[in-house]
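Source file: final-v8.pdb; contents: PDB, C-alpha atoms.
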```pdb
ATOM      1  CA  MET A   1      38.996-179.553 -90.815
ATOM      2  CA  SER A   2      42.452-178.015 -90.488
ATOM      3  CA  GLN A   3      44.315-177.668 -87.207
ATOM      4  CA  GLU A   4      44.434-173.892 -86.862
ATOM      5  CA  ASN A   5      46.506-172.293 -84.133
ATOM      6  CA  GLU A   6      45.650-169.254 -82.014
ATOM      7  CA  SER A   7      47.346-166.799 -84.373
ATOM      8  CA  GLU A   8      45.431-168.085 -87.386
ATOM      9  CA  LEU A   9      42.056-168.055 -85.617
ATOM     10  CA  SER A  10      42.263-164.724 -83.857
ATOM     11  CA  GLY A  11      44.940-162.875 -85.796
ATOM     12  CA  THR A  12      46.774-162.430 -82.475
ATOM     13  CA  PRO A  13      50.085-164.088 -81.745
ATOM     14  CA  HIS A  14      50.202-165.325 -78.152
ATOM     15  CA  ARG A  15      53.334-164.270 -76.280
ATOM     16  CA  ARG A  16      54.494-166.946 -73.863
ATOM     17  CA  PRO A  17      57.338-166.368 -71.418
ATOM     18  CA  ALA A  18      60.770-167.167 -72.770
ATOM     19  CA  PRO A  19      61.851-170.624 -71.579
ATOM     20  CA  SER A  20      63.696-170.530 -68.268
ATOM     21  CA  PRO A  21      67.132-172.161 -68.296
ATOM     22  CA  THR A  22      67.326-175.427 -66.322
ATOM     23  CA  SER A  23      71.037-175.986 -66.796
ATOM     24  CA  ILE A  24      74.310-174.114 -67.251
ATOM     25  CA  GLY A  25      76.485-176.078 -69.624
ATOM     26  CA  ASN A  26      76.365-179.687 -68.424
ATOM     27  CA  HIS A  27      75.384-178.659 -64.889
ATOM     28  CA  LYS A  28      71.708-179.117 -63.984
ATOM     29  CA  ILE A  29      70.424-176.185 -61.908
ATOM     30  CA  LYS A  30      68.962-177.317 -58.576
ATOM     31  CA  PRO A  31      65.295-176.573 -57.765
ATOM     32  CA  ALA A  32      66.228-174.178 -54.934
ATOM     33  CA  THR A  33      68.115-172.020 -57.442
ATOM     34  CA  LEU A  34      65.427-172.302 -60.121
ATOM     35  CA  MET A  35      62.837-171.022 -57.644
ATOM     36  CA  MET A  36      64.478-167.583 -57.794
ATOM     37  CA  GLY A  37      63.493-166.810 -61.367
ATOM     38  CA  TYR A  38      61.841-169.763 -63.110
ATOM     39  CA  GLY A  39      58.761-169.019 -65.201
ATOM     40  CA  PHE A  40      59.246-165.246 -65.335
ATOM     41  CA  ASP A  41      60.166-163.327 -68.456
ATOM     42  CA  PRO A  42      61.059-159.660 -67.796
ATOM     43  CA  ALA A  43      60.140-158.801 -71.395
ATOM     44  CA  LEU A  44      56.481-159.455 -70.540
ATOM     45  CA  SER A  45      56.573-157.113 -67.510
ATOM     46  CA  GLU A  46      58.105-153.848 -68.689
ATOM     47  CA  GLY A  47      61.606-155.198 -68.043
ATOM     48  CA  SER A  48      61.058-155.730 -64.312
ATOM     49  CA  LEU A  49      63.857-157.859 -62.867
ATOM     50  CA  LYS A  50      61.509-159.695 -60.468
ATOM     51  CA  PRO A  51      57.815-160.468 -60.998
ATOM     52  CA  PRO A  52      55.635-157.516 -60.031
ATOM     53  CA  VAL A  53      52.442-158.133 -58.063
ATOM     54  CA  PHE A  54      49.605-157.932 -60.581
ATOM     55  CA  LEU A  55      46.499-156.462 -58.950
ATOM     56  CA  THR A  56      44.250-156.638 -61.994
ATOM     57  CA  SER A  57      41.302-158.964 -62.452
ATOM     58  CA  THR A  58      40.904-158.623 -66.215
ATOM     59  CA  PHE A  59      43.233-158.630 -69.187
ATOM     60  CA  VAL A  60      43.144-157.053 -72.649
ATOM     61  CA  PHE A  61      42.571-159.091 -75.808
ATOM     62  CA  GLU A  62      43.721-157.985 -79.231
ATOM     63  CA  ASN A  63      40.191-158.524 -80.552
ATOM     64  CA  ALA A  64      36.888-160.214 -79.706
ATOM     65  CA  ALA A  65      37.863-163.429 -81.508
ATOM     66  CA  ALA A  66      40.952-163.795 -79.307
ATOM     67  CA  GLY A  67      38.879-163.212 -76.171
ATOM     68  CA  LYS A  68      36.345-165.804 -77.273
ATOM     69  CA  ARG A  69      39.057-168.393 -77.959
ATOM     70  CA  PHE A  70      40.810-167.739 -74.640
ATOM     71  CA  PHE A  71      37.551-168.130 -72.665
ATOM     72  CA  GLU A  72      36.614-171.280 -74.590
ATOM     73  CA  GLY A  73      39.979-172.802 -73.708
ATOM     74  CA  VAL A  74      39.913-172.016 -70.008
ATOM     75  CA  THR A  75      36.287-173.127 -69.568
ATOM     76  CA  GLY A  76      36.819-176.431 -71.374
ATOM     77  CA  LYS A  77      34.657-175.658 -74.412
ATOM     78  CA  ARG A  78      37.628-176.519 -76.610
ATOM     79  CA  PRO A  79      40.707-178.644 -75.926
ATOM     80  CA  GLY A  80      44.049-177.144 -75.028
ATOM     81  CA  GLY A  81      43.232-175.050 -71.982
ATOM     82  CA  ALA A  82      44.028-171.392 -71.514
ATOM     83  CA  GLU A  83      46.113-169.852 -74.261
ATOM     84  CA  GLY A  84      46.603-166.572 -72.503
ATOM     85  CA  LEU A  85      45.616-164.479 -69.519
ATOM     86  CA  ILE A  86      41.859-164.184 -69.177
ATOM     87  CA  TYR A  87      40.454-163.319 -65.783
ATOM     88  CA  SER A  88      42.214-163.587 -62.427
ATOM     89  CA  ARG A  89      39.805-166.220 -61.119
ATOM     90  CA  PHE A  90      41.025-168.478 -63.936
ATOM     91  CA  ASN A  91      44.668-167.469 -64.260
ATOM     92  CA  GLY A  92      47.037-164.586 -63.786
ATOM     93  CA  PRO A  93      50.752-163.867 -64.109
ATOM     94  CA  ASN A  94      51.554-164.343 -60.405
ATOM     95  CA  GLN A  95      49.564-167.584 -60.194
ATOM     96  CA  GLU A  96      51.236-168.980 -63.311
ATOM     97  CA  ILE A  97      54.709-168.124 -61.987
ATOM     98  CA  LEU A  98      53.886-169.749 -58.632
ATOM     99  CA  GLU A  99      52.562-172.906 -60.321
ATOM    100  CA  ASP A 100      55.607-173.103 -62.612
ATOM    101  CA  ARG A 101      57.963-172.783 -59.651
ATOM    102  CA  LEU A 102      56.059-175.324 -57.549
ATOM    103  CA  SER A 103      56.283-177.839 -60.389
ATOM    104  CA  VAL A 104      60.051-177.278 -60.522
ATOM    105  CA  TRP A 105      60.384-177.624 -56.744
ATOM    106  CA  GLU A 106      58.346-180.841 -56.676
ATOM    107  CA  GLU A 107      59.917-182.125 -59.918
ATOM    108  CA  ALA A 108      56.386-182.516 -61.282
ATOM    109  CA  ASP A 109      54.998-182.089 -64.775
ATOM    110  CA  ASP A 110      52.647-179.358 -63.606
ATOM    111  CA  ALA A 111      51.198-177.764 -60.463
ATOM    112  CA  LEU A 112      48.011-175.993 -59.448
ATOM    113  CA  ALA A 113      47.551-173.281 -56.827
ATOM    114  CA  PHE A 114      44.216-172.653 -55.102
ATOM    115  CA  SER A 115      42.932-169.788 -52.980
ATOM    116  CA  SER A 116      42.040-172.154 -50.133
ATOM    117  CA  GLY A 117      42.609-175.691 -48.973
ATOM    118  CA  MET A 118      38.908-176.437 -49.336
ATOM    119  CA  ALA A 119      39.011-175.313 -52.979
ATOM    120  CA  ALA A 120      41.882-177.755 -53.580
ATOM    121  CA  ILE A 121      40.106-180.609 -51.770
ATOM    122  CA  ALA A 122      36.810-180.011 -53.586
ATOM    123  CA  THR A 123      38.542-179.819 -56.974
ATOM    124  CA  LEU A 124      40.434-183.046 -56.297
ATOM    125  CA  LEU A 125      37.345-184.977 -55.205
ATOM    126  CA  LEU A 126      35.040-183.602 -57.889
ATOM    127  CA  THR A 127      37.642-184.393 -60.554
ATOM    128  CA  PHE A 128      38.333-188.000 -59.627
ATOM    129  CA  VAL A 129      35.331-189.399 -57.718
ATOM    130  CA  GLN A 130      32.672-190.981 -59.928
ATOM    131  CA  PRO A 131      29.186-192.230 -58.955
ATOM    132  CA  GLY A 132      29.533-195.619 -57.303
ATOM    133  CA  ASP A 133      33.090-195.004 -56.047
ATOM    134  CA  VAL A 134      33.674-195.521 -52.337
ATOM    135  CA  VAL A 135      35.639-192.772 -50.601
ATOM    136  CA  VAL A 136      37.725-194.238 -47.779
ATOM    137  CA  HIS A 137      39.326-191.708 -45.446
ATOM    138  CA  SER A 138      40.803-191.370 -42.016
ATOM    139  CA  GLY A 139      38.965-189.493 -39.343
ATOM    140  CA  PRO A 140      38.448-186.948 -38.137
ATOM    141  CA  LEU A 141      38.805-184.660 -41.125
ATOM    142  CA  TYR A 142      38.359-180.923 -41.365
ATOM    143  CA  ALA A 143      34.606-180.419 -40.835
ATOM    144  CA  ALA A 144      33.982-178.888 -44.265
ATOM    145  CA  THR A 145      35.783-181.830 -45.911
ATOM    146  CA  GLU A 146      33.648-184.323 -43.977
ATOM    147  CA  THR A 147      30.536-182.421 -45.057
ATOM    148  CA  LEU A 148      31.646-182.413 -48.697
ATOM    149  CA  ILE A 149      32.344-186.144 -48.650
ATOM    150  CA  ALA A 150      29.290-187.263 -46.670
ATOM    151  CA  LYS A 151      26.593-184.826 -47.763
ATOM    152  CA  ILE A 152      27.583-183.610 -51.221
ATOM    153  CA  LEU A 153      29.284-186.680 -52.703
ATOM    154  CA  GLY A 154      26.648-188.835 -50.974
ATOM    155  CA  ARG A 155      24.029-187.252 -53.236
ATOM    156  CA  PHE A 156      25.918-188.697 -56.199
ATOM    157  CA  GLU A 157      25.826-192.277 -54.906
ATOM    158  CA  CYS A 158      29.391-192.179 -53.544
ATOM    159  CA  PRO A 159      29.331-193.986 -50.198
ATOM    160  CA  THR A 160      32.041-193.206 -47.655
ATOM    161  CA  SER A 161      33.894-195.284 -45.135
ATOM    162  CA  THR A 162      36.115-194.096 -42.326
ATOM    163  CA  SER A 163      39.080-196.388 -41.871
ATOM    164  CA  PRO A 164      39.986-197.419 -38.318
ATOM    165  CA  PRO A 165      43.044-195.820 -36.717
ATOM    166  CA  VAL A 166      46.221-197.725 -37.495
ATOM    167  CA  ARG A 167      49.432-198.188 -35.551
ATOM    168  CA  ARG A 168      52.864-198.977 -36.849
ATOM    169  CA  VAL A 169      54.174-202.457 -36.068
ATOM    170  CA  ARG A 170      57.934-202.754 -35.870
ATOM    171  CA  ARG A 171      59.814-200.877 -38.538
ATOM    172  CA  SER A 172      57.906-202.416 -41.405
ATOM    173  CA  THR A 173      55.167-201.342 -43.752
ATOM    174  CA  ARG A 174      52.668-203.702 -42.071
ATOM    175  CA  LEU A 175      49.866-201.771 -40.373
ATOM    176  CA  SER A 176      47.213-203.095 -38.017
ATOM    177  CA  PRO A 177      44.148-201.565 -36.345
ATOM    178  CA  ALA A 178      44.873-199.646 -33.137
ATOM    179  CA  PRO A 179      44.024-201.486 -29.890
ATOM    180  CA  GLY A 180      40.301-201.601 -29.120
ATOM    181  CA  THR A 181      39.181-200.909 -32.711
ATOM    182  CA  SER A 182      38.328-203.064 -35.640
ATOM    183  CA  ALA A 183      36.994-202.524 -39.106
ATOM    184  CA  GLU A 184      33.778-204.321 -38.099
ATOM    185  CA  SER A 185      33.095-201.911 -35.210
ATOM    186  CA  ARG A 186      32.780-198.957 -37.577
TER     187      ARG A 186
END
```
Would you write out, as structure tokens, the structure that this file holds?
Amino acid sequence: MSQENESELSGTPHRRPAPSPTSIGNHKIKPATLMMGYGFDPALSEGSLKPPVFLTSTFVFENAAAGKRFFEGVTGKRPGGAEGLIYSRFNGPNQEILEDRLSVWEEADDALAFSSGMAAIATLLLTFVQPGDVVVHSGPLYAATETLIAKILGRFECPTSTSPPVRRVRRSTRLSPAPGTSAESR
């Protein structure tokens, strides 16, 4: 089976933003400066100098085959992820620009943005926790997070353990339980 790309399968070339410069000559541009324009290509937004706020929830596909391929990528039915804009709950121009800029700021390979902290926490736990894993956390947590860990993950045979409070001892990395607590008392 040949390795066909998006253009060959759907007949639609995918336009990605032009690469953002990360240096001027031999000078590496600092993240604070890159945050001003990184990840935005005016050619994809009617020549707008700064990213407009996109208020749409859906995007146009050149044909049904392109739409099918894009949805298969973003929903994990084929490898490679999203190859274009699909639906604002999956991706959108403003979200992609934000994620690109956050990855620059954090000097990370990639970044994800969520609509709520609980969405981020749930995605993290559901991605990495497997049946039989023990989730160790400090307490107290945000109530919805405690519920997710204890009640939801508990259904999947993921026991939890709350670690005792710790205090810093001298200026070292050695930690010990806070006075009056012990791991056995929990």
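With CA of Ala113 (chain A) on one side and CA of Phe90 (chain A) on the other, the separation reads 10.8 Å.
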Got a sec to resolve the PyMOL selection byres ((chain A and resi 31-45) around 7) on this structure and send the residues as a compact mmCIF listing (two decimals) with C-alpha atoms, in the coordinates of the input?
```txt
# COMPACT_ATOMS: atom_id res chain seq x y z
CA PRO A 17 57.34 -166.37 -71.42
CA ALA A 18 60.77 -167.17 -72.77
CA SER A 20 63.70 -170.53 -68.27
CA ILE A 29 70.42 -176.18 -61.91
CA LYS A 30 68.96 -177.32 -58.58
CA GLU A 46 58.10 -153.85 -68.69
CA GLY A 47 61.61 -155.20 -68.04
CA SER A 48 61.06 -155.73 -64.31
CA LEU A 49 63.86 -157.86 -62.87
CA PRO A 51 57.82 -160.47 -61.00
CA ILE A 97 54.71 -168.12 -61.99
CA ASP A 100 55.61 -173.10 -62.61
CA ARG A 101 57.96 -172.78 -59.65
CA VAL A 104 60.05 -177.28 -60.52
CA TRP A 105 60.38 -177.62 -56.74
```
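Shortest separation to Lys68 (chain A) among A:Thr160, A:Thr123, A:Ala82, A:Thr145 occurs at residue A:Ala82, atoms counted being all atoms listed in the file.
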message: Running the PyMOL selection byres ((chain A and resi 159) around 9) on this model by hand, what would come out? Give it as a list in words.
response: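 Selection result, ordered by chain and number: Pro131, Gly132, Asp133, Val134, Val135, Val136, Ile149, Ala150, Leu153, Gly154, Phe156, Glu157, Cys158, Thr160 and Ser161 of chain A.
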With C-alpha atoms retained, export the selected residues as a compact mmCIF listing (two decimals), in the coordinates of the input.
```
# COMPACT_ATOMS: atom_id res chain seq x y z
CA PRO A 131 29.19 -192.23 -58.96
CA GLY A 132 29.53 -195.62 -57.30
CA ASP A 133 33.09 -195.00 -56.05
CA VAL A 134 33.67 -195.52 -52.34
CA VAL A 135 35.64 -192.77 -50.60
CA VAL A 136 37.72 -194.24 -47.78
CA ILE A 149 32.34 -186.14 -48.65
CA ALA A 150 29.29 -187.26 -46.67
CA LEU A 153 29.28 -186.68 -52.70
CA GLY A 154 26.65 -188.84 -50.97
CA PHE A 156 25.92 -188.70 -56.20
CA GLU A 157 25.83 -192.28 -54.91
CA CYS A 158 29.39 -192.18 -53.54
CA THR A 160 32.04 -193.21 -47.66
CA SER A 161 33.89 -195.28 -45.14
```
field: Residue with smallest distance to Arg69 (chain A) - pool A:Ile86, A:Glu96, A:Val53, A:Ala119, counting all atoms listed in the file
entry: A:Ile86
message: As an exercise, work out the distance from CA of Ala111 (chain A) to CA of Pro140 (chain A) in Å and give it to one decimal place.
response: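 About the pair CA of Ala111 (chain A) and CA of Pro140 (chain A): they are 27.3 Å apart.
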message: From the options A:Glu99, A:Met118, A:Arg89, A:Arg155, which residue's atoms come nearest to Leu141 (chain A), counting only C-alpha atoms?
response: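 Residue with the minimum atom-to-atom distance to Leu141 (chain A): A:Met118.
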d(CA of Leu148 (chain A), CA of Gln95 (chain A)) in Å: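 Separation of CA of Leu148 (chain A) and CA of Gln95 (chain A): 25.9 Å.
Closest approach to Leu98 (chain A) from the set A:Leu125, A:Leu85, A:Ala64, A:Leu112 is made by A:Leu112, with distances taken over all atoms listed in the file.
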Take every atom of region 102-109 of chain A listed in the file, fit an axis-aligned box around them, add 4 Å per side, and give the centre and edge lengths in Å to one decimal as AutoDock Vina command-line options.
```
--center_x 57.7 --center_y -178.9 --center_z -60.7 --size_x 13.4 --size_y 15.2 --size_z 16.1
```
message: Applying the PyMOL selection byres ((chain A and resi 58) around 8) to the file I just gave you, which residues come out? Please list them as a PyMOL selection string.
response: chain A and resi 56-57+59-60+86-88
task: Point out the residue among A:Pro79, A:Pro21, A:Gly84, A:Pro52 with the least atom-to-atom distance to Gly67 (chain A), counting only C-alpha atoms.
output: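 Nearest candidate to Gly67 (chain A) out of A:Pro79, A:Pro21, A:Gly84, A:Pro52: A:Gly84.
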